[in-house]
Amino acid sequence: MGERRSSQWYAGTDRNAYIHRAWMRRGLPAHAFDGRPHIAIANTASDLNPCNAHLDEVAESVKQGVYEAGGIPLNLPVVSLGETQVRPTAMLWRNMAAMATEEMLRANPIDGVVLLGGCDKTIPALLMAAASVDLPAVVIPGGPMLTGTFRGAALGCGTDVWRLSEEVRAGTLSERDFLTSESSMIRSRGHCNTMGTASTMAVVAEALGTTIPGLAGTPAPDSRLLEAAHDTGRLAVELVEQGRRPSTILTRGSFLNAIVALAAVGGSTNAVVHLLAIAGRLGIELTLDDFDRTGAGVPLLVDLQPAGRFLMDDLYRAGGLLAVLREVRDLLDPAALTVTGKPLVDYLDDARIWDPEVIRVRAEPLQAHAGIAVLYGNLAPTGAVIKPAAASPHLLQHRGRAMVFDSIEDLRARIDDPDLDADADSVLVLRGCGPRGYPGMPEVANLPLPTKLLQQGIRDMVRVCDGRMSGTAYGTVVLHVTPEAAAGGPLGLVRTGDYITLDVEGRRLDLDISDDELSRRVPAEATVAAYAAPTRGWERLYVNTVRQADTGADLDFLVGSSGDQVSRESH
Ligand code: FES
């Protein structure tokens, strides 16, 4: 017997070792328990998470690789979150999925883990769990779907749903045509094909060093995904042999590399809360300001929806993330390692751009300064974010009259009203959508524009919200406002008719009233009544312990790590 963690269960001749082995036999031979690495496959495959439904097949390839390298693969189904299905928002359950996965990794006789994720919250939850257990771990992103077409034009899933539904509201597309496009939206297995949150988190996982380099963005139906899954299974055994754990791979440098990658690909703002939460599990100092300091000056090099034109299979064809990172090599930490044991930058030498329309060279960026801007001001004392690449340039400096909605229900009830007191210069405010208020911080910040303005041809307005925005969405949206209204933030004090100034270049978001008046105001009854007040279960635990978006919206007692040891036997 070796000194594996799993040997703490299986080694020896006592009754408990007998029990642990005997119940696991079921086809496993005696030598399965001779000290060889036992590798869990944390598998988010689920019929109710359609973006991840193909991961069982990926898991089979991982198993072959683990066996080939002398390990024992073990499928471990974990909580899965289908972004489009789960109510009230998948984000409410990210921390639950992370906690459940963390506990199951720790509780079971395993030495390492392969993390199979895809749809938005799954990779963040898996990485948070792996960071807190700190067992050798490697990610396989499930990959984007192939691009569907409708009437000869490519459809970006998510992004084109928003666009087409706004066209219906504006009266420029019939409802019949809109519904006809439905069966074209999702062409194949895999996650959304835009640079939404799932694609972004795959890119981020690779930039952090937690995948085999070059893997992120491999389309889900592409046979190269299964080949990489096989290789990843082999690598997982090596990780255990080498004792290469998340804490040895993930450093502040790797997080800064991820921020550079996030900016260069025009990634989702959701990566901000996820990266802060993962870093929090590892005790790595990472703040909202790091996203602005490190990311804001990075050029936007990838022409993908929602910021641009192309889709994920185009990015893969054009050279993938490594070709992008080669262009910004000087901005990367050369010491940051990957799961292979080699630095990320070592993989850039052979990377090439095969289609300069999709991946721009550094000298010809889509935007010179991409990344995420962090705003402060009396409306966001601890910060808010905006993605300038997805915004309208003429609105990045704007002053307008607030039109306030206390909840998503309030918005839906009034947004189609022809008498709504709003014009193209108005600033739409939606509150009660933060981690506590909703609860769970849903993706509603890209609130729909008033119907009467859509009919006048208006396609973007400044919007301000304490919630998140889908990574597939676009617009001049200030989101993740902290503290959220339900936590006593000044967003809860804004009244319709107040003036709000957005100054992205100056990094400001201000309510144009005096400090005196702001300090005298109290939230209206209707505002407070809209906040969540759960009385039991997960929602109650969540609302009572969730932190604000500026630190990752993790639960306060989940921040940090507990390691992999369990002190007591089960029998
Ligand atoms: Fe699953 Fe978009 S809904 S990735």
# chains A, B, ... in the order shown; residues from 1 in each chain; ligands from 1
>>> residues_near_ligand(ligand="ligand 1", cutoff="6 Å", atoms="only C-alpha atoms and all ligand atoms", output="compact mmCIF listing (two decimals) with all heavy atoms, in the first residue's frame")
# COMPACT_ATOMS: atom_id res chain seq x y z
N CYS A 51 -26.79 22.23 -21.39
CA CYS A 51 -25.45 22.62 -21.87
C CYS A 51 -24.39 21.61 -21.42
O CYS A 51 -23.30 21.57 -21.98
CB CYS A 51 -25.09 24.00 -21.34
SG CYS A 51 -26.32 25.25 -21.70
N GLY A 82 -28.46 24.47 -14.59
CA GLY A 82 -28.78 24.88 -15.96
C GLY A 82 -29.23 26.34 -15.94
O GLY A 82 -30.28 26.66 -15.39
N GLU A 83 -28.43 27.18 -16.54
CA GLU A 83 -28.64 28.63 -16.43
C GLU A 83 -30.03 29.06 -16.88
O GLU A 83 -30.64 29.96 -16.28
CB GLU A 83 -27.57 29.35 -17.27
CG GLU A 83 -27.51 30.83 -17.06
CD GLU A 83 -27.04 31.21 -15.66
OE1 GLU A 83 -26.26 30.46 -15.04
OE2 GLU A 83 -27.46 32.28 -15.18
N THR A 84 -30.52 28.43 -17.93
CA THR A 84 -31.80 28.87 -18.47
C THR A 84 -32.99 28.26 -17.73
O THR A 84 -34.12 28.68 -17.94
CB THR A 84 -31.92 28.47 -19.96
OG1 THR A 84 -31.61 27.08 -20.07
CG2 THR A 84 -30.99 29.28 -20.83
N CYS A 119 -21.86 24.94 -18.43
CA CYS A 119 -22.83 26.02 -18.27
C CYS A 119 -22.39 26.94 -17.12
O CYS A 119 -21.74 26.51 -16.16
CB CYS A 119 -24.21 25.43 -18.01
SG CYS A 119 -25.54 26.62 -18.25
N ASP A 120 -22.80 28.18 -17.24
CA ASP A 120 -22.21 29.32 -16.52
C ASP A 120 -21.65 29.07 -15.11
O ASP A 120 -20.51 29.40 -14.83
CB ASP A 120 -23.25 30.44 -16.40
CG ASP A 120 -23.67 30.99 -17.75
OD1 ASP A 120 -23.43 30.34 -18.77
OD2 ASP A 120 -24.24 32.09 -17.77
N HIS A 191 -22.30 24.36 -24.59
CA HIS A 191 -22.82 25.57 -23.95
C HIS A 191 -22.94 26.70 -24.97
O HIS A 191 -22.58 26.55 -26.15
CB HIS A 191 -21.96 25.97 -22.74
CG HIS A 191 -20.52 26.28 -23.07
ND1 HIS A 191 -20.14 27.36 -23.81
CD2 HIS A 191 -19.37 25.64 -22.70
CE1 HIS A 191 -18.82 27.39 -23.89
NE2 HIS A 191 -18.33 26.34 -23.24
N CYS A 192 -23.42 27.86 -24.53
CA CYS A 192 -23.68 28.98 -25.43
C CYS A 192 -22.45 29.32 -26.26
O CYS A 192 -21.31 29.28 -25.76
CB CYS A 192 -24.13 30.21 -24.63
SG CYS A 192 -25.75 30.02 -23.89
N ALA A 198 -20.32 31.12 -19.88
CA ALA A 198 -19.74 29.78 -19.98
C ALA A 198 -18.44 29.81 -20.77
O ALA A 198 -17.42 29.26 -20.33
CB ALA A 198 -20.74 28.83 -20.63
>>> select_by_dssp(residues="stretch 77-171 of chain A", states="strand (DSSP E or B)", output="number ranges by chain")
A: 77, 112-117, 137-141, 144, 148-150, 153-155
>>> write_last_selection(atoms="C-alpha atoms", output="PDB file, in the first residue's frame")
ATOM      1  CA  PRO A  77     -22.277  13.282 -10.050  1.00  0.00           C
ATOM      2  CA  GLY A 112      -7.472  13.795  -7.146  1.00  0.00           C
ATOM      3  CA  VAL A 113     -10.339  15.094  -9.229  1.00  0.00           C
ATOM      4  CA  VAL A 114     -11.232  15.942 -12.807  1.00  0.00           C
ATOM      5  CA  LEU A 115     -13.806  18.740 -12.900  1.00  0.00           C
ATOM      6  CA  LEU A 116     -16.341  18.562 -15.738  1.00  0.00           C
ATOM      7  CA  GLY A 117     -18.227  21.825 -16.169  1.00  0.00           C
ATOM      8  CA  ALA A 137      -7.579  19.001  -9.674  1.00  0.00           C
ATOM      9  CA  VAL A 138      -7.910  19.699 -13.382  1.00  0.00           C
ATOM     10  CA  VAL A 139     -10.790  21.234 -15.344  1.00  0.00           C
ATOM     11  CA  ILE A 140     -12.347  20.085 -18.602  1.00  0.00           C
ATOM     12  CA  PRO A 141     -14.669  22.760 -20.005  1.00  0.00           C
ATOM     13  CA  PRO A 144     -19.411  25.509 -26.884  1.00  0.00           C
ATOM     14  CA  GLY A 148     -26.914  27.527 -35.658  1.00  0.00           C
ATOM     15  CA  THR A 149     -28.318  29.583 -38.526  1.00  0.00           C
ATOM     16  CA  PHE A 150     -31.685  31.169 -39.196  1.00  0.00           C
ATOM     17  CA  ALA A 153     -27.550  34.157 -40.791  1.00  0.00           C
ATOM     18  CA  ALA A 154     -25.595  32.821 -37.813  1.00  0.00           C
ATOM     19  CA  LEU A 155     -27.354  32.905 -34.461  1.00  0.00           C
TER      20      LEU A 155
END
>>> closest_residue(among="A:Val265, A:Leu315, A:Val272, A:Val237", to="A:Leu366", atoms="only C-alpha atoms")
A:Val265
>>> closest_residue(among="A:Asp417, A:Asp516, A:Glu525, A:Asp554", to="A:Leu449", atoms="only C-alpha atoms")
A:Asp417
>>> closest_atom_pairs(of="stretch 234-320 of chain A", to="stretch 86-106 of chain A", cutoff="12 Å", atoms="only C-alpha atoms", output="Markdown table")
| residue | atom | partner | partner_atom | distance |
| --- | --- | --- | --- | --- |
| A:Asn270 | CA | A:Met91 | CA | 10.1 |
| A:Val273 | CA | A:Met91 | CA | 10.4 |
| A:His274 | CA | A:Arg94 | CA | 9.5 |
| A:Ala277 | CA | A:Asn95 | CA | 9.4 |
| A:Ile278 | CA | A:Ala98 | CA | 10.2 |
| A:Arg281 | CA | A:Ala98 | CA | 10.7 |
>>> closest_atom_pairs(of="stretch 226-256 of chain A", to="stretch 34-39 of chain A", cutoff="9 Å", atoms="only C-alpha atoms", output="JSON lines")
{"residue": "A:Gly233", "atom": "CA", "partner": "A:Ile39", "partner_atom": "CA", "distance": 8.4}
{"residue": "A:Ala236", "atom": "CA", "partner": "A:Ile39", "partner_atom": "CA", "distance": 7.1}
{"residue": "A:Val237", "atom": "CA", "partner": "A:Pro37", "partner_atom": "CA", "distance": 6.3}
{"residue": "A:Val240", "atom": "CA", "partner": "A:Pro37", "partner_atom": "CA", "distance": 6.8}
{"residue": "A:Glu241", "atom": "CA", "partner": "A:Pro37", "partner_atom": "CA", "distance": 7.9}
>>> residues_around(residues="A:Asp355", least_positions_apart="2", cutoff="8 Å", atoms="only C-alpha atoms", output="compact mmCIF listing (two decimals) with N, CA, C and O atoms, in the first residue's frame")
# COMPACT_ATOMS: atom_id res chain seq x y z
N ARG A 317 -11.37 27.93 -34.43
CA ARG A 317 -10.79 27.81 -35.78
C ARG A 317 -9.67 28.83 -36.00
O ARG A 317 -8.66 28.55 -36.65
N ALA A 318 -9.82 30.00 -35.39
CA ALA A 318 -8.86 31.09 -35.63
C ALA A 318 -7.60 30.97 -34.79
O ALA A 318 -6.67 31.76 -34.96
N GLY A 319 -7.55 29.98 -33.90
CA GLY A 319 -6.33 29.80 -33.12
C GLY A 319 -6.57 29.67 -31.62
O GLY A 319 -5.65 29.29 -30.87
N ILE A 353 -2.31 32.89 -35.15
CA ILE A 353 -3.63 33.40 -35.55
C ILE A 353 -3.88 32.93 -36.98
O ILE A 353 -3.12 33.26 -37.89
N GLU A 357 -9.41 38.18 -38.87
CA GLU A 357 -10.70 38.87 -38.69
C GLU A 357 -11.28 38.53 -37.32
O GLU A 357 -11.93 39.36 -36.69
N VAL A 358 -11.07 37.29 -36.90
CA VAL A 358 -11.66 36.82 -35.63
C VAL A 358 -10.75 37.20 -34.46
O VAL A 358 -11.21 37.71 -33.44
N ILE A 359 -9.45 36.93 -34.62
CA ILE A 359 -8.48 37.31 -33.58
C ILE A 359 -7.58 38.38 -34.19
O ILE A 359 -6.84 38.11 -35.14
>>> residues_around(residues="A:Val203", least_positions_apart="5", cutoff="10 Å", atoms="only C-alpha atoms", output="compact mmCIF listing (two decimals) with all heavy atoms, in the first residue's frame")
# COMPACT_ATOMS: atom_id res chain seq x y z
N PRO A 141 -13.46 22.03 -19.60
CA PRO A 141 -14.67 22.76 -20.00
C PRO A 141 -15.40 21.96 -21.08
O PRO A 141 -14.78 21.44 -22.01
CB PRO A 141 -14.12 24.08 -20.58
CG PRO A 141 -12.67 24.13 -20.18
CD PRO A 141 -12.23 22.71 -20.06
N MET A 195 -19.44 34.81 -26.51
CA MET A 195 -18.49 35.00 -25.40
C MET A 195 -19.30 35.37 -24.15
O MET A 195 -19.16 36.43 -23.57
CB MET A 195 -17.45 36.07 -25.77
CG MET A 195 -16.33 36.22 -24.75
SD MET A 195 -15.54 34.68 -24.25
CE MET A 195 -14.47 34.36 -25.66
N THR A 197 -20.97 33.84 -20.35
CA THR A 197 -20.28 33.44 -19.12
C THR A 197 -19.64 32.06 -19.24
O THR A 197 -18.54 31.84 -18.73
CB THR A 197 -21.26 33.49 -17.94
OG1 THR A 197 -21.84 34.79 -17.91
CG2 THR A 197 -20.54 33.24 -16.63
N ALA A 198 -20.32 31.12 -19.88
CA ALA A 198 -19.74 29.78 -19.98
C ALA A 198 -18.44 29.81 -20.77
O ALA A 198 -17.42 29.26 -20.33
CB ALA A 198 -20.74 28.83 -20.63
N LEU A 208 -6.08 30.60 -15.94
CA LEU A 208 -5.65 30.35 -14.56
C LEU A 208 -4.64 29.20 -14.49
O LEU A 208 -3.95 29.04 -13.49
CB LEU A 208 -6.86 29.97 -13.68
CG LEU A 208 -7.78 31.10 -13.21
CD1 LEU A 208 -9.03 30.50 -12.55
CD2 LEU A 208 -7.07 32.03 -12.23
N GLY A 209 -4.61 28.39 -15.53
CA GLY A 209 -3.69 27.25 -15.55
C GLY A 209 -4.35 25.95 -15.13
O GLY A 209 -3.67 24.95 -14.90
N THR A 211 -6.59 24.03 -16.85
CA THR A 211 -6.92 23.06 -17.91
C THR A 211 -5.64 22.71 -18.67
O THR A 211 -4.63 23.43 -18.56
CB THR A 211 -7.90 23.65 -18.96
OG1 THR A 211 -7.19 24.61 -19.76
CG2 THR A 211 -9.09 24.34 -18.32
N GLY A 214 -4.73 25.10 -24.33
CA GLY A 214 -5.28 24.96 -25.67
C GLY A 214 -6.65 24.31 -25.70
O GLY A 214 -7.26 24.20 -26.76
N LEU A 215 -7.15 23.92 -24.55
CA LEU A 215 -8.42 23.17 -24.52
C LEU A 215 -9.66 24.06 -24.56
O LEU A 215 -10.66 23.72 -25.20
CB LEU A 215 -8.44 22.29 -23.25
CG LEU A 215 -9.72 21.50 -22.96
CD1 LEU A 215 -10.11 20.64 -24.15
CD2 LEU A 215 -9.50 20.63 -21.73
N ALA A 216 -9.60 25.21 -23.89
CA ALA A 216 -10.81 26.04 -23.77
C ALA A 216 -11.34 26.42 -25.15
O ALA A 216 -10.57 26.82 -26.03
CB ALA A 216 -10.50 27.31 -22.98
N GLY A 217 -12.62 26.28 -25.33
CA GLY A 217 -13.24 26.67 -26.59
C GLY A 217 -13.32 25.54 -27.61
O GLY A 217 -13.90 25.73 -28.68
N ALA A 258 -5.58 35.70 -15.73
CA ALA A 258 -6.98 35.48 -16.09
C ALA A 258 -7.67 36.80 -16.40
O ALA A 258 -8.52 36.88 -17.30
CB ALA A 258 -7.71 34.73 -14.97
N ALA A 261 -6.66 37.84 -19.85
CA ALA A 261 -7.39 37.03 -20.83
C ALA A 261 -8.84 37.50 -20.94
O ALA A 261 -9.39 37.63 -22.04
CB ALA A 261 -7.34 35.55 -20.44
N LEU A 262 -9.45 37.76 -19.80
CA LEU A 262 -10.85 38.21 -19.75
C LEU A 262 -11.03 39.48 -20.60
O LEU A 262 -11.99 39.59 -21.36
CB LEU A 262 -11.23 38.48 -18.29
CG LEU A 262 -12.60 39.04 -17.99
CD1 LEU A 262 -13.69 38.05 -18.36
CD2 LEU A 262 -12.72 39.41 -16.49
N VAL A 265 -10.38 38.87 -24.58
CA VAL A 265 -11.45 38.17 -25.31
C VAL A 265 -12.78 38.90 -25.20
O VAL A 265 -13.77 38.48 -25.79
CB VAL A 265 -11.62 36.70 -24.83
CG1 VAL A 265 -10.32 35.92 -24.98
CG2 VAL A 265 -12.16 36.62 -23.41
N GLY A 267 -14.58 39.21 -22.33
CA GLY A 267 -15.37 38.25 -21.56
C GLY A 267 -16.44 38.87 -20.68
O GLY A 267 -16.52 40.09 -20.51
N GLY A 320 -7.75 30.04 -31.16
CA GLY A 320 -8.10 29.84 -29.76
C GLY A 320 -7.39 30.80 -28.81
O GLY A 320 -6.72 31.76 -29.22
N LEU A 321 -7.56 30.51 -27.54
CA LEU A 321 -7.06 31.42 -26.50
C LEU A 321 -5.55 31.61 -26.57
O LEU A 321 -5.05 32.72 -26.36
CB LEU A 321 -7.45 30.90 -25.11
CG LEU A 321 -6.92 31.74 -23.95
CD1 LEU A 321 -7.53 33.14 -23.95
CD2 LEU A 321 -7.17 31.05 -22.62
N LEU A 322 -4.81 30.55 -26.87
CA LEU A 322 -3.34 30.69 -26.86
C LEU A 322 -2.88 31.70 -27.91
O LEU A 322 -1.93 32.47 -27.67
CB LEU A 322 -2.68 29.33 -27.07
CG LEU A 322 -2.91 28.31 -25.95
CD1 LEU A 322 -2.23 26.99 -26.27
CD2 LEU A 322 -2.42 28.84 -24.59
>>> residues_around(residues="A:Val478", least_positions_apart="5", cutoff="7 Å", atoms="only C-alpha atoms", output="list in words")
Ala384, Val385, Ile386, Arg463, Val464 and Cys465 of chain A
>>> closest_residue(among="A:Leu518, A:Ala363, A:Val79, A:Leu558", to="A:Thr545", atoms="only C-alpha atoms")
A:Leu558
>>> select_by_dssp(residues="stretch 376-527 of chain A", states="helix (DSSP H, G or I)", output="number ranges by chain")
A: 388-390, 393-395, 408-414, 451-454, 485-487, 490-493, 515-520, 525-527
>>> write_last_selection(atoms="N, CA and C atoms", output="short mmCIF file (atom, residue, chain, number, x, y, z; two decimals), in the first residue's frame")
data_model
loop_
_atom_site.label_atom_id
_atom_site.label_comp_id
_atom_site.auth_asym_id
_atom_site.auth_seq_id
_atom_site.Cartn_x
_atom_site.Cartn_y
_atom_site.Cartn_z
N PRO A 388 -17.21 48.48 -20.92
CA PRO A 388 -17.30 49.48 -21.98
C PRO A 388 -17.38 48.87 -23.37
N ALA A 389 -16.76 47.68 -23.56
CA ALA A 389 -16.76 47.06 -24.89
C ALA A 389 -18.17 46.71 -25.35
N ALA A 390 -19.09 46.49 -24.40
CA ALA A 390 -20.47 46.12 -24.78
C ALA A 390 -21.41 47.33 -24.72
N PRO A 393 -20.64 53.93 -27.17
CA PRO A 393 -19.62 54.94 -26.84
C PRO A 393 -20.22 56.29 -26.43
N HIS A 394 -21.35 56.68 -27.07
CA HIS A 394 -21.88 58.02 -26.78
C HIS A 394 -22.53 58.10 -25.40
N LEU A 395 -22.73 56.95 -24.75
CA LEU A 395 -23.36 56.97 -23.42
C LEU A 395 -22.36 56.79 -22.28
N ILE A 408 -38.11 43.51 -10.39
CA ILE A 408 -38.32 43.07 -11.77
C ILE A 408 -39.81 43.03 -12.09
N GLU A 409 -40.65 42.76 -11.07
CA GLU A 409 -42.11 42.73 -11.29
C GLU A 409 -42.62 44.15 -11.55
N ASP A 410 -42.09 45.10 -10.80
CA ASP A 410 -42.45 46.50 -10.99
C ASP A 410 -42.08 46.94 -12.41
N LEU A 411 -40.89 46.51 -12.84
CA LEU A 411 -40.44 46.85 -14.20
C LEU A 411 -41.39 46.27 -15.25
N ARG A 412 -41.69 44.99 -15.10
CA ARG A 412 -42.54 44.34 -16.12
C ARG A 412 -43.93 44.97 -16.17
N ALA A 413 -44.39 45.43 -15.02
CA ALA A 413 -45.74 46.01 -14.98
C ALA A 413 -45.79 47.36 -15.68
N ARG A 414 -44.66 48.06 -15.77
CA ARG A 414 -44.72 49.44 -16.26
C ARG A 414 -43.95 49.71 -17.55
N THR A 451 -40.97 50.27 -24.16
CA THR A 451 -41.49 49.96 -25.50
C THR A 451 -41.63 51.21 -26.36
N LYS A 452 -42.12 52.28 -25.76
CA LYS A 452 -42.36 53.48 -26.58
C LYS A 452 -41.03 54.03 -27.13
N LEU A 453 -39.93 53.82 -26.41
CA LEU A 453 -38.63 54.30 -26.91
C LEU A 453 -38.06 53.36 -27.96
N LEU A 454 -38.30 52.06 -27.78
CA LEU A 454 -37.89 51.11 -28.82
C LEU A 454 -38.57 51.46 -30.14
N ALA A 485 -29.01 47.61 -2.78
CA ALA A 485 -30.07 48.35 -2.10
C ALA A 485 -30.54 47.62 -0.84
N ALA A 486 -30.70 46.28 -0.93
CA ALA A 486 -31.21 45.52 0.22
C ALA A 486 -30.22 45.45 1.37
N ALA A 487 -28.97 45.81 1.12
CA ALA A 487 -27.97 45.83 2.19
C ALA A 487 -27.75 47.27 2.67
N PRO A 490 -26.97 53.10 -1.16
CA PRO A 490 -27.68 54.30 -1.59
C PRO A 490 -28.55 54.09 -2.83
N LEU A 491 -28.35 53.00 -3.56
CA LEU A 491 -29.22 52.71 -4.69
C LEU A 491 -30.68 52.63 -4.24
N GLY A 492 -30.88 52.21 -2.98
CA GLY A 492 -32.24 52.11 -2.43
C GLY A 492 -32.87 53.46 -2.13
N LEU A 493 -32.07 54.54 -2.25
CA LEU A 493 -32.58 55.87 -1.90
C LEU A 493 -32.89 56.73 -3.13
N ASP A 515 -24.80 65.60 -0.09
CA ASP A 515 -24.55 64.57 0.93
C ASP A 515 -25.59 64.67 2.04
N ASP A 516 -25.95 65.91 2.35
CA ASP A 516 -26.94 66.15 3.42
C ASP A 516 -28.26 65.48 3.10
N GLU A 517 -28.72 65.75 1.88
CA GLU A 517 -30.02 65.19 1.51
C GLU A 517 -29.95 63.67 1.44
N LEU A 518 -28.84 63.17 0.92
CA LEU A 518 -28.70 61.70 0.82
C LEU A 518 -28.75 61.07 2.21
N SER A 519 -28.10 61.73 3.17
CA SER A 519 -28.07 61.15 4.53
C SER A 519 -29.44 61.24 5.22
N ARG A 520 -30.26 62.17 4.77
CA ARG A 520 -31.60 62.31 5.38
C ARG A 520 -32.61 61.31 4.81
N GLU A 525 -41.30 52.56 1.56
CA GLU A 525 -41.88 51.27 2.01
C GLU A 525 -41.93 50.26 0.87
N ALA A 526 -42.34 50.73 -0.30
CA ALA A 526 -42.46 49.81 -1.44
C ALA A 526 -41.09 49.24 -1.82
N THR A 527 -40.04 50.02 -1.62
CA THR A 527 -38.69 49.56 -1.94
C THR A 527 -38.31 48.41 -1.02
#
>>> residues_around(residues="A:Asp289", least_positions_apart="3", cutoff="12 Å", atoms="only C-alpha atoms", output="JSON, numbers by chain")
{"A": [256, 259, 272, 276, 285, 286, 292, 293, 294, 295, 296, 371, 372, 373, 374, 375, 376, 382, 383, 384, 385, 507, 550, 551]}
>>> atom_distance(atom1="atom CA of A:Thr147", atom2="atom CA of A:Ser184")
9.1 Å
